[in-house]
Amino acid sequence: MAEPMKIRATMAGDVADVKVLMNHPMETGQRKDAKTGQLVPALFIQDVVATVNGTAVMTANFGTGISKNPYLGFKVKGAKVGDKVSVSWVDNTGDKTSAEAAVA
Amino acid sequence: MNTLRRNVLKGAGSAGAVAVAVAAGLLKPTQALAEWNKAAFEAKNVGDAMKGLGAGAPADSKDITIKAPDIAENGAVVPVEVSSSIAGTTNIAIFAEKNGTPLVGNYALSGGAQGYVSTRIKMGATSLVRAVVTAGGKTYTAAKEVKVTIGGCGG
């Protein structure tokens, strides 16, 4: 299940604009399978941590109301070209993924 | 019933206080993952969800901008951007008021992160999208109505 995610970080002035695209079904637990009529169990990202050069800049909690394949954008002041942006997430089953990218 | 899962959920509930401490800046969230706030995320209405986050009665603020479409054709993917120009913004929470569980996401900011979050949310019906911003121990809020023509929660 743990598929890669995409991170793009670009400088705009002295602010790094970070865009993250995660790969996750984000099941709410309320949707029924079209074939079996059974509820599809909830499966969604709960915790997301983003760091720049090892310093946390965002710790986010997601609910089931975040869209499938979540997109997350944030801005970090004082970052520099070449800084390492790292993002990791954990879902409600304990599945986890992390990825890194350099600020361009 | 999967006992491991039960324990994990239990742990998440009791760890809510940690998340509050992190949001208040008492703890430095360098390594620890933000603990998932079960009470807030499973609350069925906005008031309870806010209480769960420890944001009881936020004041209306014009310094919060919510960028979202006036009409969303597909409720499963509604782009939402929240920016806060309030100095010292440390936390942004996003609610879709008519969703079964209104709290969509809670973002704690630190280490130079600006008062800005961009995401895509699901909306079950036409309702207000509300942002609650924490800055300097106080909470502020703003809302914007998004009309949804096809709900995104039933599938």
# chains A, B, ... in the order shown; residues from 1 in each chain; ligands from 1

call {"tool": "residues_around", "arguments": {"residues": "Ala131 (chain B)", "least_positions_apart": "4", "cutoff": "7 Å", "atoms": "only C-alpha atoms", "output": "PDB file with N, CA and C atoms, in the first residue's frame"}}
result
ATOM      1  N   ILE B  92      -3.830  25.862  12.266  1.00  0.00           N
ATOM      2  CA  ILE B  92      -4.980  26.103  11.399  1.00  0.00           C
ATOM      3  C   ILE B  92      -5.790  24.816  11.357  1.00  0.00           C
ATOM      4  N   ALA B  93      -7.089  24.933  11.623  1.00  0.00           N
ATOM      5  CA  ALA B  93      -7.979  23.775  11.519  1.00  0.00           C
ATOM      6  C   ALA B  93      -9.030  24.087  10.467  1.00  0.00           C
ATOM      7  N   ILE B  94      -9.388  23.086   9.682  1.00  0.00           N
ATOM      8  CA  ILE B  94     -10.381  23.279   8.621  1.00  0.00           C
ATOM      9  C   ILE B  94     -11.591  22.390   8.891  1.00  0.00           C
ATOM     10  N   PHE B  95     -12.779  22.997   8.808  1.00  0.00           N
ATOM     11  CA  PHE B  95     -14.027  22.278   9.033  1.00  0.00           C
ATOM     12  C   PHE B  95     -14.923  22.415   7.812  1.00  0.00           C
ATOM     13  N   THR B 141     -11.627  32.843  13.739  1.00  0.00           N
ATOM     14  CA  THR B 141     -12.291  32.019  12.745  1.00  0.00           C
ATOM     15  C   THR B 141     -12.812  32.844  11.577  1.00  0.00           C
ATOM     16  N   ALA B 142     -13.012  32.187  10.457  1.00  0.00           N
ATOM     17  CA  ALA B 142     -13.650  32.766   9.285  1.00  0.00           C
ATOM     18  C   ALA B 142     -14.290  31.618   8.526  1.00  0.00           C
ATOM     19  N   ALA B 143     -15.279  31.938   7.677  1.00  0.00           N
ATOM     20  CA  ALA B 143     -15.968  30.879   6.954  1.00  0.00           C
ATOM     21  C   ALA B 143     -16.346  31.357   5.570  1.00  0.00           C
TER      22      ALA B 143
END

call {"tool": "interface_residues", "arguments": {"of": "chain A", "to": "chain B", "cutoff": "7 Å", "atoms": "only C-alpha atoms", "output": "list in words"}}
result
Gln30, Arg31, Gln46, Asp47, Val49, Thr55, Ala56, Val57, Met58, Thr59, Ala60, Asn61, Phe62, Gly63, Thr64, Gly65, Ile66, Ser67, Pro70, Tyr71, Leu72, Gly73, Phe74, Lys75, Val76, Lys77 and Gly78 of chain A

call {"tool": "atom_distance", "arguments": {"atom1": "CA of Asn53 (chain A)", "atom2": "CA of Gly13 (chain A)"}}
result
18.7 Å

call {"tool": "atom_distance", "arguments": {"atom1": "CA of Ala125 (chain B)", "atom2": "CA of Ala39 (chain B)"}}
result
22.7 Å

call {"tool": "closest_residue", "arguments": {"among": "A:Ile7, A:Leu43, A:Leu21, A:Ala79", "to": "Gly94 (chain A)", "atoms": "only C-alpha atoms"}}
result
A:Leu43

call {"tool": "atom_distance", "arguments": {"atom1": "CA of Val48 (chain A)", "atom2": "CA of Trp89 (chain A)"}}
result
4.3 Å
